[in-house]
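Text of coords_27.cif, listed as mmCIF, C-alpha atoms (C1' of nucleotides):
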```
data_coords
#
loop_
_atom_site.label_atom_id
_atom_site.label_comp_id
_atom_site.auth_asym_id
_atom_site.auth_seq_id
_atom_site.Cartn_x
_atom_site.Cartn_y
_atom_site.Cartn_z
CA MET A 1 151.17 103.47 69.50
CA LEU A 2 149.69 101.83 72.56
CA ARG A 3 151.10 103.14 75.79
CA LYS A 4 151.17 101.64 79.19
CA SER A 5 148.33 102.75 81.36
CA THR A 6 150.55 104.80 83.64
CA ASN A 7 151.68 106.88 80.70
CA CYS A 8 148.14 107.07 79.59
CA LEU A 9 147.08 108.44 82.94
CA MET A 10 149.56 111.28 82.61
CA ARG A 11 149.25 112.07 78.93
CA TRP A 12 145.64 111.39 78.14
CA PRO A 13 143.72 111.97 81.32
CA THR A 14 140.42 112.44 79.57
CA PHE A 15 140.76 109.22 77.65
CA CYS A 16 141.62 107.37 80.80
CA LEU A 17 138.66 108.84 82.63
CA PHE A 18 136.48 107.39 79.91
CA ILE A 19 138.11 104.01 80.39
CA ILE A 20 137.65 104.22 84.12
CA LEU A 21 133.96 104.98 83.84
CA SER A 22 133.07 102.63 81.04
CA ALA A 23 135.01 99.63 82.21
CA SER A 24 134.26 100.13 85.92
CA LEU A 25 137.94 100.06 86.81
CA GLN A 26 137.61 102.44 89.74
CA GLY A 27 138.25 99.69 92.24
CA CYS A 28 141.48 98.73 90.48
CA LEU A 29 142.95 102.18 90.68
CA PRO A 30 143.57 103.28 94.26
CA GLY A 31 143.06 106.96 94.69
CA ALA A 32 140.62 107.32 91.83
CA PRO A 33 137.74 109.57 92.87
CA LYS A 34 134.63 107.63 93.76
CA THR A 35 132.21 109.97 92.08
CA VAL A 36 133.49 111.51 88.91
CA VAL A 37 130.22 112.39 87.23
CA ASN A 38 126.61 112.46 88.29
CA ASN A 39 125.15 109.01 88.42
CA THR A 40 122.38 108.94 85.83
CA ALA A 41 121.88 105.19 85.84
CA PRO A 42 118.36 104.27 86.91
CA THR A 43 118.02 102.70 90.35
CA LYS A 44 115.38 100.87 92.34
CA ASP A 45 114.02 103.46 94.75
CA ASP A 46 111.68 103.55 97.73
CA ASN A 47 108.20 102.38 96.74
CA LEU A 48 106.66 104.76 99.27
CA ALA A 49 108.93 107.76 98.70
CA LEU A 50 106.07 110.18 98.04
CA GLY A 51 104.12 109.17 101.12
CA ASN A 52 101.75 106.62 102.68
CA PRO A 53 98.38 107.87 101.44
CA SER A 54 96.21 106.26 104.13
CA GLN A 55 98.72 106.12 106.99
CA ALA A 56 98.58 102.35 106.67
CA GLY A 57 100.18 100.49 109.54
CA SER A 58 99.77 97.37 111.63
CA SER A 59 96.88 98.32 113.92
CA ASN A 60 93.91 98.64 111.54
CA PRO A 61 93.04 95.39 109.71
CA ASP A 62 91.31 97.39 106.99
CA ASN A 63 94.35 99.59 106.40
CA TYR A 64 97.13 97.07 106.93
CA LEU A 65 100.56 97.89 105.56
CA ILE A 66 102.54 95.22 103.74
CA THR A 67 105.99 96.22 102.48
CA ARG A 68 108.10 94.21 100.09
CA PRO A 69 111.01 94.97 97.80
CA ALA A 70 108.67 94.90 94.80
CA TYR A 71 105.95 97.23 96.15
CA SER A 72 104.11 98.41 99.25
CA LEU A 73 100.39 98.08 99.79
CA SER A 74 97.52 98.79 102.14
CA TYR A 75 95.33 95.72 102.54
CA ASN A 76 91.70 95.77 103.58
CA ARG A 77 90.74 92.62 105.46
CA LYS A 78 87.01 93.28 105.29
CA ARG A 79 87.09 93.72 101.51
CA ALA A 80 89.86 91.12 100.94
CA ILE A 81 91.51 93.40 98.41
CA ALA A 82 94.09 96.15 98.62
CA ASN A 83 93.10 99.75 99.24
CA TRP A 84 96.13 100.77 97.22
CA VAL A 85 99.50 99.56 95.99
CA SER A 86 102.46 101.93 95.59
CA TRP A 87 105.59 101.22 93.59
CA HIS A 88 108.59 102.86 91.99
CA MET A 89 109.24 102.20 88.33
CA SER A 90 112.46 102.69 86.40
CA ALA A 91 114.53 100.77 83.90
CA ALA A 92 116.36 99.25 86.87
CA TRP A 93 113.30 97.11 87.59
CA LYS A 94 113.12 95.81 84.05
CA GLY A 95 114.63 92.59 82.74
CA ASP A 96 113.74 89.49 80.84
CA VAL A 97 112.32 87.32 83.61
CA LYS A 98 109.40 85.39 82.25
CA ARG A 99 105.94 86.07 83.65
CA GLY A 100 105.52 83.56 86.46
CA ASN A 101 101.71 83.21 86.72
CA ASP A 102 102.21 81.90 90.25
CA PHE A 103 99.04 83.33 91.75
CA ARG A 104 98.91 82.29 95.40
CA PRO A 105 97.71 83.34 98.86
CA ASP A 106 99.80 85.99 100.57
CA PRO A 107 101.77 84.32 103.41
CA ASP A 108 102.45 87.66 105.06
CA LEU A 109 98.91 88.26 106.28
CA PRO A 110 98.49 87.92 110.05
CA ALA A 111 97.58 84.48 111.36
CA GLY A 112 93.85 83.88 111.40
CA TRP A 113 93.02 86.20 108.49
CA TYR A 114 91.39 84.75 105.43
CA ALA A 115 94.00 84.63 102.65
CA VAL A 116 92.43 84.87 99.19
CA LYS A 117 93.37 82.02 96.88
CA THR A 118 93.46 81.93 93.12
CA SER A 119 90.45 79.61 92.86
CA ASP A 120 88.31 82.25 94.59
CA TYR A 121 88.29 84.03 91.23
CA THR A 122 87.53 81.00 89.04
CA ASN A 123 84.27 81.42 87.12
CA SER A 124 83.59 84.70 88.92
CA GLY A 125 83.26 86.68 85.71
CA PHE A 126 86.20 88.84 86.79
CA ASP A 127 89.89 88.70 85.96
CA ARG A 128 92.64 88.37 88.53
CA GLY A 129 93.71 91.92 87.87
CA HIS A 130 97.15 93.07 88.96
CA LEU A 131 97.50 96.44 90.65
CA CYS A 132 101.31 96.38 90.38
CA PRO A 133 101.70 94.71 86.97
CA SER A 134 103.82 91.65 86.34
CA ASP A 135 105.54 93.42 83.49
CA ASP A 136 106.70 96.27 85.74
CA ARG A 137 108.60 93.70 87.82
CA ASP A 138 110.44 91.39 85.44
CA GLY A 139 113.95 92.24 86.63
CA SER A 140 114.17 89.35 89.08
CA PRO A 141 112.18 86.16 89.71
CA ALA A 142 111.42 87.24 93.28
CA ASP A 143 110.02 90.62 92.27
CA ASN A 144 107.93 89.13 89.48
CA SER A 145 106.61 86.43 91.74
CA ALA A 146 105.59 89.02 94.34
CA THR A 147 103.14 90.56 91.87
CA PHE A 148 101.19 87.28 91.84
CA LEU A 149 100.46 87.32 95.56
CA MET A 150 96.69 87.63 95.81
CA THR A 151 96.91 90.79 97.94
CA ASN A 152 98.11 92.56 94.76
CA ILE A 153 95.11 91.20 92.81
CA VAL A 154 91.59 92.59 92.53
CA PRO A 155 88.45 91.37 90.75
CA GLU A 156 88.60 93.38 87.56
CA ALA A 157 86.16 93.38 84.66
CA PRO A 158 87.98 91.45 81.91
CA ARG A 159 87.76 94.16 79.28
CA HIS A 160 88.83 96.74 81.83
CA ASN A 161 91.90 94.67 82.72
CA ARG A 162 92.92 93.56 79.24
CA GLU A 163 92.13 96.72 77.32
CA VAL A 164 91.87 100.10 78.98
CA TRP A 165 93.91 99.38 82.14
CA LYS A 166 96.52 97.47 80.19
CA SER A 167 96.96 100.25 77.67
CA LEU A 168 97.80 102.67 80.48
CA GLU A 169 100.29 100.16 81.87
CA ASP A 170 101.88 99.84 78.44
CA TYR A 171 102.00 103.61 78.12
CA SER A 172 103.72 103.98 81.48
CA ARG A 173 106.40 101.49 80.45
CA GLN A 174 106.90 103.49 77.28
CA LEU A 175 107.58 106.51 79.47
CA VAL A 176 110.25 104.49 81.29
CA SER A 177 111.82 103.35 78.01
CA ALA A 178 111.91 106.98 76.95
CA GLY A 179 114.12 107.89 79.91
CA ASN A 180 111.73 108.63 82.77
CA GLU A 181 111.13 107.04 86.08
CA LEU A 182 107.78 106.88 87.76
CA TYR A 183 106.05 106.71 91.09
CA ILE A 184 102.79 104.87 90.69
CA ILE A 185 99.94 104.38 93.14
CA ALA A 186 96.96 102.30 92.06
CA GLY A 187 93.95 101.45 94.14
CA THR A 188 90.31 100.61 94.51
CA ASP A 189 87.21 102.41 95.65
CA GLY A 190 83.55 101.60 96.20
CA THR A 191 81.66 98.36 95.79
CA GLY A 192 80.17 96.65 92.76
CA GLY A 193 81.45 96.13 89.25
CA THR A 194 80.17 94.66 86.02
CA GLY A 195 82.05 91.63 84.76
CA GLU A 196 81.13 88.92 82.30
CA GLY A 197 78.21 87.82 84.43
CA GLY A 198 76.78 91.28 84.97
CA GLN A 199 76.70 93.53 88.00
CA THR A 200 78.33 91.94 91.04
CA SER A 201 79.16 93.27 94.50
CA ARG A 202 81.09 90.33 95.90
CA ILE A 203 82.63 87.08 94.73
CA ALA A 204 83.84 83.91 96.47
CA ASP A 205 80.70 83.49 98.61
CA GLY A 206 80.87 87.13 99.63
CA LYS A 207 84.42 87.01 100.85
CA ILE A 208 85.88 89.36 98.23
CA THR A 209 84.51 92.79 97.40
CA VAL A 210 84.37 93.79 93.75
CA PRO A 211 85.55 97.40 93.59
CA ALA A 212 83.43 99.93 91.73
CA THR A 213 86.44 101.92 90.57
CA LEU A 214 90.11 101.42 89.89
CA TRP A 215 92.20 104.57 90.07
CA LYS A 216 95.86 105.25 89.36
CA ILE A 217 98.27 108.11 89.89
CA ILE A 218 101.55 108.31 87.96
CA VAL A 219 104.23 110.87 88.83
CA VAL A 220 106.67 111.23 85.95
CA LEU A 221 110.27 112.18 86.78
CA PRO A 222 113.50 112.26 84.82
CA VAL A 223 115.94 109.52 85.74
CA GLY A 224 118.00 110.53 88.78
CA SER A 225 118.14 110.47 92.52
CA ASN A 226 116.94 112.77 95.32
CA ASP A 227 113.38 112.08 94.35
CA ILE A 228 111.39 114.61 96.32
CA SER A 229 113.61 117.46 95.27
CA ARG A 230 113.08 116.59 91.62
CA LEU A 231 109.38 117.34 91.80
CA SER A 232 108.53 120.79 90.56
CA THR A 233 105.55 122.70 89.27
CA ASN A 234 106.48 121.27 85.87
CA THR A 235 106.18 117.65 86.99
CA ARG A 236 103.82 115.65 84.85
CA ILE A 237 100.97 113.98 86.73
CA ILE A 238 98.75 111.33 85.18
CA ALA A 239 95.70 110.49 87.27
CA VAL A 240 92.81 108.32 86.12
CA SER A 241 89.65 106.91 87.66
CA ILE A 242 88.08 104.13 85.64
CA PRO A 243 84.81 102.35 86.51
CA ASN A 244 85.16 98.59 86.93
CA ARG A 245 82.87 97.75 84.04
CA GLN A 246 83.28 95.94 80.76
CA THR A 247 82.07 99.01 78.90
CA ALA A 248 84.81 101.17 80.39
CA ALA A 249 87.01 99.72 77.64
CA ASP A 250 84.88 101.38 74.99
CA LYS A 251 86.99 104.49 75.58
CA PRO A 252 90.76 104.95 75.81
CA TRP A 253 92.37 105.62 79.21
CA THR A 254 92.78 109.26 78.26
CA ALA A 255 89.01 109.61 78.54
CA TYR A 256 89.31 108.93 82.29
CA LEU A 257 91.91 111.54 83.19
CA THR A 258 91.23 113.38 86.40
CA SER A 259 93.17 115.14 89.15
CA ILE A 260 94.79 113.76 92.27
CA LYS A 261 92.50 116.05 94.22
CA ASP A 262 89.48 114.27 92.78
CA ILE A 263 90.90 110.91 93.80
CA GLU A 264 91.55 112.28 97.28
CA ARG A 265 87.94 113.42 97.51
CA MET A 266 86.74 110.00 96.38
CA THR A 267 88.99 107.89 98.62
CA GLY A 268 89.75 110.16 101.57
CA TYR A 269 93.48 109.56 101.13
CA ASP A 270 96.27 112.11 101.16
CA PHE A 271 98.68 111.67 98.25
CA LEU A 272 102.14 113.20 97.80
CA SER A 273 102.25 113.87 101.53
CA GLU A 274 106.06 113.99 101.51
CA VAL A 275 105.99 116.82 98.98
CA PRO A 276 105.96 120.45 100.19
CA LYS A 277 102.40 121.71 100.65
CA ASP A 278 102.52 124.47 98.06
CA LEU A 279 103.77 122.07 95.46
CA GLN A 280 101.17 119.48 96.43
CA ARG A 281 98.45 122.01 95.82
CA VAL A 282 99.68 122.71 92.30
CA LEU A 283 100.29 119.11 91.31
CA GLU A 284 97.12 117.72 92.84
CA ALA A 285 94.93 120.10 90.86
CA ARG A 286 96.57 119.15 87.59
CA ILE A 287 94.75 117.16 84.93
CA ASP A 288 97.05 115.73 82.31
CA ALA A 289 96.62 117.08 78.80
CA ASN A 290 95.04 114.65 76.39
CA LEU A 291 97.63 113.06 74.16
"C1'" DC B 1 101.22 72.00 82.38
"C1'" DT B 2 98.56 72.51 78.15
"C1'" DG B 3 95.48 74.38 74.73
"C1'" DG B 4 92.34 78.14 73.60
"C1'" DT B 5 90.73 83.09 73.20
"C1'" DC B 6 90.96 87.87 72.64
"C1'" DA B 7 92.93 92.38 71.61
"C1'" DA B 8 96.77 95.24 70.36
"C1'" DC B 9 100.81 96.11 67.90
"C1'" DG C 1 101.98 86.89 62.57
"C1'" DT C 2 103.49 87.66 67.19
"C1'" DT C 3 102.97 88.80 71.89
"C1'" DG C 4 100.83 89.47 76.30
"C1'" DA C 5 97.46 88.15 79.55
"C1'" DC C 6 93.79 85.98 80.66
"C1'" DC C 7 90.60 81.48 80.97
"C1'" DA C 8 89.49 76.44 81.87
"C1'" DG C 9 90.46 71.61 82.45
#
```
Before we go any further, please render this structure as structure tokens.
Amino acid sequence: MLRKSTNCLMRWPTFCLFIILSASLQGCLPGAPKTVVNNTAPTKDDNLALGNPSQAGSSNPDNYLITRPAYSLSYNRKRAIANWVSWHMSAAWKGDVKRGNDFRPDPDLPAGWYAVKTSDYTNSGFDRGHLCPSDDRDGSPADNSATFLMTNIVPEAPRHNREVWKSLEDYSRQLVSAGNELYIIAGTDGTGGTGEGGQTSRIADGKITVPATLWKIIVVLPVGSNDISRLSTNTRIIAVSIPNRQTAADKPWTAYLTSIKDIERMTGYDFLSEVPKDLQRVLEARIDANL
DNA sequence: CTGGTCAAC
DNA sequence: GTTGACCAG
């Protein structure tokens, strides 16, 4: 009953189309259309697609843009922590690369700047808290390793990091497993947190500021391309602002839901700046419904 | 690199 | 029980 493929092409075109798509044979068949169906496979997209919230660049040391394949961030030299980190998240970034734990100074800071090292956090009473999590970047060794550069790390109250912040990270990866992709921006604000040793403004002999607040904005999109055009008034927005205190973990992350507008008021940043103004207004006022 | 802890699932 | 993510030495 098996026919040669040329017969198949004439007699069972639908069947052959299936073969073409599933076995990636397009390149073997000259003349086959390049795009037969919409591409719904998740991709790795621009980490800053929704905008650069603080207009970070190369001129201001306290708003210094660092761009990598894994994420983009604004670094604050005076505070020795990031103002924010922005990254795209989809199943395309996921894999089975083992967590590297290779915390190290960021070699991409300008010459002459102090580069935070992992031992600056030892015995500080604060965790080396990821902004862009290791587990969001386990698709390649290079991407995972990039999350351990100390510019992506902030002094985070241990219970904050391991409990309430982690549970939101886990939830966001569940959203990805369920068929969404995400744009995530996480950052810091204010000075002074409460770690294992009590209230602290700075660690490492004053070199590193302990942020008072960690905030995060998650834009939830269906898997696809043309990112900006996929935002609508129905787009789900998850925004939280969580004090950097051990006791913050006494409540679930849903207790800290807020609006993007509130985070803009707190930080002075402008989020979703690539999105049309009218749509920004709607989405930035939104507070996610409690789950 | 190893062993230990803690919380969540 | 296992896993993930810290810590210290």
Decode the PyMOL selection byres ((chain A) within 12 of (chain B)) for the given file into explicit residues and return them as a PyMOL selection string. chain A and resi 158-164+166-167+170+249
Can I get the selected residues back with C-alpha atoms, as a short mmCIF file (atom, residue, chain, number, x, y, z; two decimals), in the coordinates of the input?
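Generated output (out_28.cif):
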```cif
data_model
loop_
_atom_site.label_atom_id
_atom_site.label_comp_id
_atom_site.auth_asym_id
_atom_site.auth_seq_id
_atom_site.Cartn_x
_atom_site.Cartn_y
_atom_site.Cartn_z
CA PRO A 158 87.98 91.45 81.91
CA ARG A 159 87.76 94.16 79.28
CA HIS A 160 88.83 96.74 81.83
CA ASN A 161 91.90 94.67 82.72
CA ARG A 162 92.92 93.56 79.24
CA GLU A 163 92.13 96.72 77.32
CA VAL A 164 91.87 100.10 78.98
CA LYS A 166 96.52 97.47 80.19
CA SER A 167 96.96 100.25 77.67
CA ASP A 170 101.88 99.84 78.44
CA ALA A 249 87.01 99.72 77.64
#
```
Provide the CA of Val220 in chain A to CA of Met89 in chain A distance in Å, to one decimal place.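 We find that CA of Val220 in chain A and CA of Met89 in chain A lie 9.7 Å from each other.
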Residues of chain C within 10 Å of chain A, counting all atoms listed in the file - could you list those as a PDB file with C-alpha atoms (C1' of nucleotides), keeping the file's coordinate frame?
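Saved to out-v1.pdb:
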```
ATOM      1  C1'  DG C   4     100.830  89.470  76.300  1.00  0.00           C
ATOM      2  C1'  DA C   5      97.460  88.150  79.550  1.00  0.00           C
ATOM      3  C1'  DC C   6      93.790  85.980  80.660  1.00  0.00           C
ATOM      4  C1'  DC C   7      90.600  81.480  80.970  1.00  0.00           C
ATOM      5  C1'  DA C   8      89.490  76.440  81.870  1.00  0.00           C
TER       6       DA C   8
END
```
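CA of Gly187 in chain A is found 10.4 Å from CA of His130 in chain A.
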Every residue with an atom at most 12 Å from (83.1, 84.9, 100.8) (file coordinates; all atoms listed in the file) is what I'm after, so could you write them as a ChimeraX atom specification? /A:77-80,114-117,120-121,124,201-210
Store the residues picked out above, limited to C-alpha atoms, as a PDB file, in the frame of the given file.
```
ATOM      1  CA  ARG A  77      90.740  92.620 105.460  1.00  0.00           C
ATOM      2  CA  LYS A  78      87.010  93.280 105.290  1.00  0.00           C
ATOM      3  CA  ARG A  79      87.090  93.720 101.510  1.00  0.00           C
ATOM      4  CA  ALA A  80      89.860  91.120 100.940  1.00  0.00           C
ATOM      5  CA  TYR A 114      91.390  84.750 105.430  1.00  0.00           C
ATOM      6  CA  ALA A 115      94.000  84.630 102.650  1.00  0.00           C
ATOM      7  CA  VAL A 116      92.430  84.870  99.190  1.00  0.00           C
ATOM      8  CA  LYS A 117      93.370  82.020  96.880  1.00  0.00           C
ATOM      9  CA  ASP A 120      88.310  82.250  94.590  1.00  0.00           C
ATOM     10  CA  TYR A 121      88.290  84.030  91.230  1.00  0.00           C
ATOM     11  CA  SER A 124      83.590  84.700  88.920  1.00  0.00           C
ATOM     12  CA  SER A 201      79.160  93.270  94.500  1.00  0.00           C
ATOM     13  CA  ARG A 202      81.090  90.330  95.900  1.00  0.00           C
ATOM     14  CA  ILE A 203      82.630  87.080  94.730  1.00  0.00           C
ATOM     15  CA  ALA A 204      83.840  83.910  96.470  1.00  0.00           C
ATOM     16  CA  ASP A 205      80.700  83.490  98.610  1.00  0.00           C
ATOM     17  CA  GLY A 206      80.870  87.130  99.630  1.00  0.00           C
ATOM     18  CA  LYS A 207      84.420  87.010 100.850  1.00  0.00           C
ATOM     19  CA  ILE A 208      85.880  89.360  98.230  1.00  0.00           C
ATOM     20  CA  THR A 209      84.510  92.790  97.400  1.00  0.00           C
ATOM     21  CA  VAL A 210      84.370  93.790  93.750  1.00  0.00           C
TER      22      VAL A 210
END
```
Under the PyMOL selection byres ((chain A and resi 195) around 8), which residues of this model are included? Write them out as an MDAnalysis selection string. chainID A and resid 125:126 156:158 193:194 196:200 244:246
Point-to-point distance in Å for CA of Asn63 in chain A and CA of Tyr269 in chain A: 11.3 Å
Extract, using only C-alpha atoms (C1' of nucleotides), all DNA, RNA and protein residues at most 12 Å from Leu279 in chain A, discarding same-chain residues fewer than 5 positions from it, and format them as an mmCIF file with C-alpha atoms, keeping the file's coordinate frame.
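Once everything was written out, this is out_9.cif:
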```cif
data_model
loop_
_atom_site.group_PDB
_atom_site.id
_atom_site.type_symbol
_atom_site.label_atom_id
_atom_site.label_comp_id
_atom_site.auth_asym_id
_atom_site.auth_seq_id
_atom_site.Cartn_x
_atom_site.Cartn_y
_atom_site.Cartn_z
ATOM 1 C CA ILE A 228 111.390 114.610 96.320
ATOM 2 C CA SER A 229 113.610 117.460 95.270
ATOM 3 C CA ARG A 230 113.080 116.590 91.620
ATOM 4 C CA LEU A 231 109.380 117.340 91.800
ATOM 5 C CA SER A 232 108.530 120.790 90.560
ATOM 6 C CA THR A 233 105.550 122.700 89.270
ATOM 7 C CA ASN A 234 106.480 121.270 85.870
ATOM 8 C CA THR A 235 106.180 117.650 86.990
ATOM 9 C CA PHE A 271 98.680 111.670 98.250
ATOM 10 C CA LEU A 272 102.140 113.200 97.800
ATOM 11 C CA SER A 273 102.250 113.870 101.530
ATOM 12 C CA GLU A 274 106.060 113.990 101.510
ATOM 13 C CA GLU A 284 97.120 117.720 92.840
ATOM 14 C CA ALA A 285 94.930 120.100 90.860
ATOM 15 C CA ARG A 286 96.570 119.150 87.590
#
```
Written as an MDAnalysis selection string, what is the full residue list that the PyMOL selection byres ((chain A and resi 53) around 7) yields on the file shown? chainID A and resid 51:52 54:55 269:271
List the spatial neighbours of Leu65 in chain A as a PyMOL selection string - criterion: any atom at most 10 Å away, all atoms listed in the file, same-chain residues fewer than 4 positions off excluded. chain A and resi 52+54-61+72-76+82-85+109
Mind working out the centre and edge lengths of an axis-aligned box for chain C, all listed atoms inside, 3 Å added to each side, rounded to one decimal in Å and written as JSON?
```
{"center_x": 96.5, "center_y": 80.5, "center_z": 72.5, "size_x": 20.0, "size_y": 23.9, "size_z": 25.9}
```
Within 10 Å of Asp102 in chain A using only C-alpha atoms (C1' of nucleotides), minus same-chain residues under 6 positions, as number ranges by chain: A: 118, 144-150
Can you fill out range 142-165 of chain A with N, CA and C atoms and hand it back as an mmCIF file, in the frame of the given file?
```
data_model
loop_
_atom_site.group_PDB
_atom_site.id
_atom_site.type_symbol
_atom_site.label_atom_id
_atom_site.label_comp_id
_atom_site.auth_asym_id
_atom_site.auth_seq_id
_atom_site.Cartn_x
_atom_site.Cartn_y
_atom_site.Cartn_z
ATOM 1 N N ALA A 142 112.112 86.946 92.027
ATOM 2 C CA ALA A 142 111.420 87.240 93.280
ATOM 3 C C ALA A 142 110.458 88.409 93.125
ATOM 4 N N ASP A 143 110.896 89.461 92.444
ATOM 5 C CA ASP A 143 110.020 90.620 92.270
ATOM 6 C C ASP A 143 108.820 90.273 91.391
ATOM 7 N N ASN A 144 109.059 89.504 90.334
ATOM 8 C CA ASN A 144 107.930 89.130 89.480
ATOM 9 C C ASN A 144 106.947 88.272 90.249
ATOM 10 N N SER A 145 107.466 87.330 90.986
ATOM 11 C CA SER A 145 106.610 86.430 91.740
ATOM 12 C C SER A 145 105.761 87.195 92.759
ATOM 13 N N ALA A 146 106.324 88.246 93.327
ATOM 14 C CA ALA A 146 105.590 89.020 94.340
ATOM 15 C C ALA A 146 104.330 89.659 93.746
ATOM 16 N N THR A 147 104.331 89.939 92.449
ATOM 17 C CA THR A 147 103.140 90.560 91.870
ATOM 18 C C THR A 147 101.978 89.585 91.759
ATOM 19 N N PHE A 148 102.258 88.282 91.936
ATOM 20 C CA PHE A 148 101.190 87.280 91.840
ATOM 21 C C PHE A 148 100.627 86.889 93.201
ATOM 22 N N LEU A 149 101.097 87.510 94.264
ATOM 23 C CA LEU A 149 100.460 87.320 95.560
ATOM 24 C C LEU A 149 99.052 87.936 95.485
ATOM 25 N N MET A 150 98.082 87.237 96.026
ATOM 26 C CA MET A 150 96.690 87.630 95.810
ATOM 27 C C MET A 150 96.336 88.964 96.472
ATOM 28 N N THR A 151 97.168 89.460 97.374
ATOM 29 C CA THR A 151 96.910 90.790 97.940
ATOM 30 C C THR A 151 97.160 91.902 96.909
ATOM 31 N N ASN A 152 97.873 91.576 95.833
ATOM 32 C CA ASN A 152 98.110 92.560 94.760
ATOM 33 C C ASN A 152 97.068 92.429 93.646
ATOM 34 N N ILE A 153 96.071 91.564 93.856
ATOM 35 C CA ILE A 153 95.110 91.200 92.810
ATOM 36 C C ILE A 153 93.720 91.661 93.221
ATOM 37 N N VAL A 154 92.977 92.189 92.261
ATOM 38 C CA VAL A 154 91.590 92.590 92.530
ATOM 39 C C VAL A 154 90.678 92.027 91.440
ATOM 40 N N PRO A 155 89.396 91.822 91.771
ATOM 41 C CA PRO A 155 88.450 91.370 90.750
ATOM 42 C C PRO A 155 88.187 92.516 89.761
ATOM 43 N N GLU A 156 88.636 92.297 88.551
ATOM 44 C CA GLU A 156 88.600 93.380 87.560
ATOM 45 C C GLU A 156 87.827 92.907 86.338
ATOM 46 N N ALA A 157 86.913 93.726 85.870
ATOM 47 C CA ALA A 157 86.160 93.380 84.660
ATOM 48 C C ALA A 157 87.148 93.048 83.548
ATOM 49 N N PRO A 158 86.958 91.907 82.870
ATOM 50 C CA PRO A 158 87.980 91.450 81.910
ATOM 51 C C PRO A 158 88.356 92.478 80.858
ATOM 52 N N ARG A 159 87.385 93.175 80.315
ATOM 53 C CA ARG A 159 87.760 94.160 79.280
ATOM 54 C C ARG A 159 88.481 95.351 79.900
ATOM 55 N N HIS A 160 88.124 95.683 81.112
ATOM 56 C CA HIS A 160 88.830 96.740 81.830
ATOM 57 C C HIS A 160 90.311 96.355 81.971
ATOM 58 N N ASN A 161 90.545 95.131 82.461
ATOM 59 C CA ASN A 161 91.900 94.670 82.720
ATOM 60 C C ASN A 161 92.722 94.562 81.446
ATOM 61 N N ARG A 162 92.133 93.938 80.421
ATOM 62 C CA ARG A 162 92.920 93.560 79.240
ATOM 63 C C ARG A 162 93.017 94.686 78.219
ATOM 64 N N GLU A 163 92.138 95.670 78.342
ATOM 65 C CA GLU A 163 92.130 96.720 77.320
ATOM 66 C C GLU A 163 92.510 98.075 77.915
ATOM 67 N N VAL A 164 91.598 98.713 78.613
ATOM 68 C CA VAL A 164 91.870 100.100 78.980
ATOM 69 C C VAL A 164 92.956 100.213 80.058
ATOM 70 N N TRP A 165 92.906 99.338 81.060
ATOM 71 C CA TRP A 165 93.910 99.380 82.140
ATOM 72 C C TRP A 165 95.277 98.966 81.592
#
```
